[in-house]
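Novice: I have a structure I would like to understand better, so I am pasting it below and will then ask my questions one at a time.
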Amino acid sequence: MRAVRRPGAYVCGIDAAMDVIGGKWKVLILWALDEKPCRFGELRRSVPGVTEKVLSSHLKELEEDGIVHREEYAEVPPRVEYSLTPRGVALNEALEPLGAWGREHVQPGTPAHSP
C-alpha cells in the first residue's frame with residue numbers, strides 16, 4: 001500500500017487528498033463502490049464514459065493507495081471484485097459534504113443520494 005505519492009511535497013491536507021482522488025473518474029469509481037462491491041464490467045457500466053484502460057489504471061492506483069480492495073476468487077471462470085477498504089469508506093464520507101455542496105450550488109434539483 002502506497003501511503004503518499006509525493007512525500008514532503010504537500011502544501012496541505014487537501015493537496016494530499018487531491019493527489020489520491022485527482023482526475024475525472026476516481027470519485028465516480030468511489031461513489032459506485034460505495035453502493036456495493038463490483039466486478040470490473042459492473043464498474044465500467046456504473047461510470048459511463050470511462051475507458052477500460054483508464055478504469056484499470058485508476059483501480060490499480062486506488063488499490064496501491066489503500067482505498068480499494070481487489071478480491072480474486074479461485075473459480076472457473078476467474079472472478080475479481082472491487083470494494084472499498086475502511087480507508088476508502090472514510091474517504092467517501094469525507095467527500096459527502098463536497099457532493100452536497102455540488103448538488104446545492106451547481107446541480108439544483110438533484111436527488112440527495114447522487115454523487
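Ordering of the C-alpha cells sets the chain letters (A, B, ...), residue numbers begin anew at 1 in every chain, and ligands are numbered from 1 in the order given.
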Return as a PyMOL selection string the full set of residues in chain A whose backbone-based DSSP assignment is helix (DSSP H, G or I).
Specialist: chain A and resi 13-21+26-35+40-46+52-64+86-105
Novice: Mind the document's chain letters and residue numbers, and return as a ChimeraX atom specification the residues of chain A that DSSP labels strand (DSSP E).
Specialist: /A:68-73,79-84
Novice: Those residues you just picked out, can you put them in a file as a compact mmCIF listing (two decimals), in the first residue's frame with all heavy atoms?
Specialist:
# COMPACT_ATOMS: atom_id res chain seq x y z
N VAL A 68 -9.07 1.01 -2.33
CA VAL A 68 -9.87 -0.05 -2.94
C VAL A 68 -9.20 -1.39 -2.68
O VAL A 68 -7.97 -1.51 -2.70
CB VAL A 68 -10.01 0.20 -4.47
CG1 VAL A 68 -10.56 -1.01 -5.19
CG2 VAL A 68 -10.89 1.41 -4.73
N HIS A 69 -10.02 -2.40 -2.42
CA HIS A 69 -9.55 -3.77 -2.24
C HIS A 69 -9.94 -4.59 -3.46
O HIS A 69 -11.08 -4.51 -3.93
CB HIS A 69 -10.17 -4.39 -0.98
CG HIS A 69 -9.86 -5.84 -0.83
ND1 HIS A 69 -8.61 -6.30 -0.51
CD2 HIS A 69 -10.64 -6.92 -0.98
CE1 HIS A 69 -8.64 -7.62 -0.45
NE2 HIS A 69 -9.86 -8.02 -0.73
N ARG A 70 -8.99 -5.35 -3.99
CA ARG A 70 -9.23 -6.24 -5.14
C ARG A 70 -9.23 -7.67 -4.62
O ARG A 70 -8.23 -8.15 -4.10
CB ARG A 70 -8.14 -6.05 -6.18
CG ARG A 70 -8.31 -6.88 -7.42
CD ARG A 70 -7.16 -6.58 -8.39
NE ARG A 70 -7.38 -7.15 -9.68
CZ ARG A 70 -6.97 -8.37 -10.05
NH1 ARG A 70 -6.30 -9.11 -9.19
NH2 ARG A 70 -7.22 -8.81 -11.26
N GLU A 71 -10.36 -8.35 -4.78
CA GLU A 71 -10.50 -9.73 -4.30
C GLU A 71 -10.59 -10.67 -5.50
O GLU A 71 -11.48 -10.53 -6.33
CB GLU A 71 -11.76 -9.86 -3.45
CG GLU A 71 -11.99 -11.23 -2.87
CD GLU A 71 -11.07 -11.54 -1.71
OE1 GLU A 71 -10.68 -10.60 -0.98
OE2 GLU A 71 -10.74 -12.71 -1.52
N GLU A 72 -9.65 -11.60 -5.58
CA GLU A 72 -9.65 -12.61 -6.63
C GLU A 72 -10.22 -13.90 -6.06
O GLU A 72 -9.77 -14.38 -5.03
CB GLU A 72 -8.23 -12.87 -7.14
CG GLU A 72 -7.60 -11.68 -7.82
CD GLU A 72 -6.21 -11.99 -8.34
OE1 GLU A 72 -6.03 -13.07 -8.95
OE2 GLU A 72 -5.32 -11.17 -8.13
N TYR A 73 -11.21 -14.46 -6.77
CA TYR A 73 -11.83 -15.71 -6.35
C TYR A 73 -11.30 -16.84 -7.21
O TYR A 73 -11.22 -16.71 -8.43
CB TYR A 73 -13.36 -15.63 -6.46
CG TYR A 73 -13.95 -14.61 -5.51
CD1 TYR A 73 -14.13 -13.28 -5.90
CD2 TYR A 73 -14.31 -14.97 -4.22
CE1 TYR A 73 -14.66 -12.35 -5.03
CE2 TYR A 73 -14.85 -14.05 -3.34
CZ TYR A 73 -15.02 -12.74 -3.76
OH TYR A 73 -15.54 -11.82 -2.89
N ARG A 79 -13.03 -14.82 -11.19
CA ARG A 79 -13.88 -13.69 -10.82
C ARG A 79 -13.07 -12.76 -9.92
O ARG A 79 -12.38 -13.20 -9.00
CB ARG A 79 -15.12 -14.18 -10.07
CG ARG A 79 -16.03 -13.07 -9.60
CD ARG A 79 -17.36 -13.60 -9.07
NE ARG A 79 -17.23 -14.53 -7.97
CZ ARG A 79 -17.58 -14.26 -6.70
NH1 ARG A 79 -18.08 -13.08 -6.39
NH2 ARG A 79 -17.45 -15.16 -5.77
N VAL A 80 -13.17 -11.47 -10.19
CA VAL A 80 -12.49 -10.44 -9.39
C VAL A 80 -13.53 -9.41 -9.00
O VAL A 80 -14.34 -8.98 -9.83
CB VAL A 80 -11.35 -9.77 -10.20
CG1 VAL A 80 -10.75 -8.62 -9.42
CG2 VAL A 80 -10.29 -10.79 -10.57
N GLU A 81 -13.55 -9.02 -7.74
CA GLU A 81 -14.44 -7.97 -7.26
C GLU A 81 -13.63 -6.88 -6.60
O GLU A 81 -12.61 -7.14 -5.96
CB GLU A 81 -15.45 -8.52 -6.24
CG GLU A 81 -16.58 -9.26 -6.85
CD GLU A 81 -17.65 -9.63 -5.83
OE1 GLU A 81 -17.40 -9.50 -4.60
OE2 GLU A 81 -18.71 -10.06 -6.25
N TYR A 82 -14.12 -5.66 -6.75
CA TYR A 82 -13.51 -4.49 -6.13
C TYR A 82 -14.45 -3.97 -5.06
O TYR A 82 -15.67 -3.93 -5.26
CB TYR A 82 -13.24 -3.41 -7.18
CG TYR A 82 -12.25 -3.85 -8.23
CD1 TYR A 82 -12.68 -4.47 -9.40
CD2 TYR A 82 -10.88 -3.67 -8.04
CE1 TYR A 82 -11.77 -4.89 -10.35
CE2 TYR A 82 -9.97 -4.09 -8.99
CZ TYR A 82 -10.42 -4.70 -10.15
OH TYR A 82 -9.52 -5.11 -11.08
N SER A 83 -13.89 -3.55 -3.95
CA SER A 83 -14.69 -2.97 -2.86
C SER A 83 -13.85 -1.90 -2.18
O SER A 83 -12.65 -1.79 -2.39
CB SER A 83 -15.08 -4.05 -1.86
OG SER A 83 -13.93 -4.65 -1.30
N LEU A 84 -14.52 -1.12 -1.35
CA LEU A 84 -13.81 -0.08 -0.60
C LEU A 84 -13.20 -0.68 0.66
O LEU A 84 -13.81 -1.52 1.32
CB LEU A 84 -14.77 1.03 -0.19
CG LEU A 84 -15.35 1.87 -1.33
CD1 LEU A 84 -16.33 2.89 -0.75
CD2 LEU A 84 -14.26 2.58 -2.11
Novice: Which residue gives the smallest distance to Trp31 in chain A among A:Cys12, A:Val50, A:Val106, A:Leu43, with only C-alpha atoms counted?
Specialist: A:Leu43
Novice: Taking only C-alpha atoms into account, which of A:Lys60, A:Pro77, A:Arg45, A:Leu98 comes nearest Ala32 in chain A?
Specialist: A:Arg45
Novice: Quick one: everything within 12 Å of Glu93 in chain A, counting only C-alpha atoms, minus sequence neighbours fewer than 3 positions away in the same chain. Send it as a VMD selection string.
Specialist: chain A and resid 27 30 to 31 34 84 86 to 90 96 to 100 115
Novice: For the residues selected in the previous step, produce a file with N, CA and C atoms as a JSON list (two decimals), in the first residue's frame.
Specialist:
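What landed in again_19.json:
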[["chain", "number", "residue", "atom", "x", "y", "z"],
["A", 27, "VAL", "N", -13.44, 9.79, -8.23],
["A", 27, "VAL", "CA", -14.54, 9.99, -7.28],
["A", 27, "VAL", "C", -15.79, 9.25, -7.74],
["A", 30, "LEU", "N", -15.28, 5.68, -6.70],
["A", 30, "LEU", "CA", -15.54, 5.57, -5.26],
["A", 30, "LEU", "C", -17.03, 5.58, -4.97],
["A", 31, "TRP", "N", -17.76, 6.45, -5.65],
["A", 31, "TRP", "CA", -19.21, 6.53, -5.46],
["A", 31, "TRP", "C", -19.87, 5.21, -5.85],
["A", 34, "ASP", "N", -19.27, 2.57, -3.31],
["A", 34, "ASP", "CA", -19.96, 2.82, -2.04],
["A", 34, "ASP", "C", -21.29, 2.08, -2.00],
["A", 84, "LEU", "N", -14.52, -1.12, -1.35],
["A", 84, "LEU", "CA", -13.81, -0.08, -0.60],
["A", 84, "LEU", "C", -13.20, -0.68, 0.66],
["A", 86, "PRO", "N", -11.70, 0.15, 4.59],
["A", 86, "PRO", "CA", -12.13, 1.13, 5.60],
["A", 86, "PRO", "C", -11.61, 2.55, 5.29],
["A", 87, "ARG", "N", -10.41, 2.61, 4.77],
["A", 87, "ARG", "CA", -9.83, 3.91, 4.37],
["A", 87, "ARG", "C", -10.65, 4.53, 3.23],
["A", 88, "GLY", "N", -11.11, 3.69, 2.30],
["A", 88, "GLY", "CA", -11.95, 4.16, 1.19],
["A", 88, "GLY", "C", -13.31, 4.62, 1.67],
["A", 89, "VAL", "N", -13.88, 3.91, 2.63],
["A", 89, "VAL", "CA", -15.16, 4.31, 3.21],
["A", 89, "VAL", "C", -15.01, 5.67, 3.88],
["A", 90, "ALA", "N", -13.92, 5.86, 4.63],
["A", 90, "ALA", "CA", -13.66, 7.14, 5.29],
["A", 90, "ALA", "C", -13.50, 8.26, 4.26],
["A", 96, "GLU", "N", -18.68, 13.35, 1.07],
["A", 96, "GLU", "CA", -20.12, 13.61, 1.12],
["A", 96, "GLU", "C", -20.47, 15.09, 1.21],
["A", 97, "PRO", "N", -19.82, 15.88, 2.07],
["A", 97, "PRO", "CA", -20.15, 17.31, 2.11],
["A", 97, "PRO", "C", -19.84, 18.03, 0.78],
["A", 98, "LEU", "N", -18.80, 17.61, 0.10],
["A", 98, "LEU", "CA", -18.48, 18.20, -1.19],
["A", 98, "LEU", "C", -19.58, 17.89, -2.21],
["A", 99, "GLY", "N", -20.08, 16.66, -2.20],
["A", 99, "GLY", "CA", -21.19, 16.29, -3.07],
["A", 99, "GLY", "C", -22.44, 17.08, -2.75],
["A", 100, "ALA", "N", -22.71, 17.28, -1.45],
["A", 100, "ALA", "CA", -23.88, 18.07, -1.04],
["A", 100, "ALA", "C", -23.74, 19.51, -1.53],
["A", 115, "PRO", "N", -23.98, 11.34, -6.66],
["A", 115, "PRO", "CA", -22.59, 11.71, -6.32],
["A", 115, "PRO", "C", -22.38, 13.19, -6.37]]
Novice: Using Å and a single decimal, report how far CA of Trp101 in chain A sits from CA of Gly23 in chain A.
Specialist: 18.8 Å
Novice: Which one of A:Ala17, A:Pro78, A:Lys36, A:Ile29 sits closest to Ser57 in chain A if you count only C-alpha atoms?
Specialist: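 With only C-alpha atoms as the atom set, the closest residue is A:Ile29.
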Novice: Could you check how far CA of Val20 in chain A sits from CA of Gly49 in chain A, in Å to one decimal?
Specialist: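 Distance between the two atoms: 20.6 Å.
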Novice: Using CA of Pro48 in chain A and CA of Gly22 in chain A as the two end points, give the distance in Å to one decimal.
Specialist: 17.8 Å
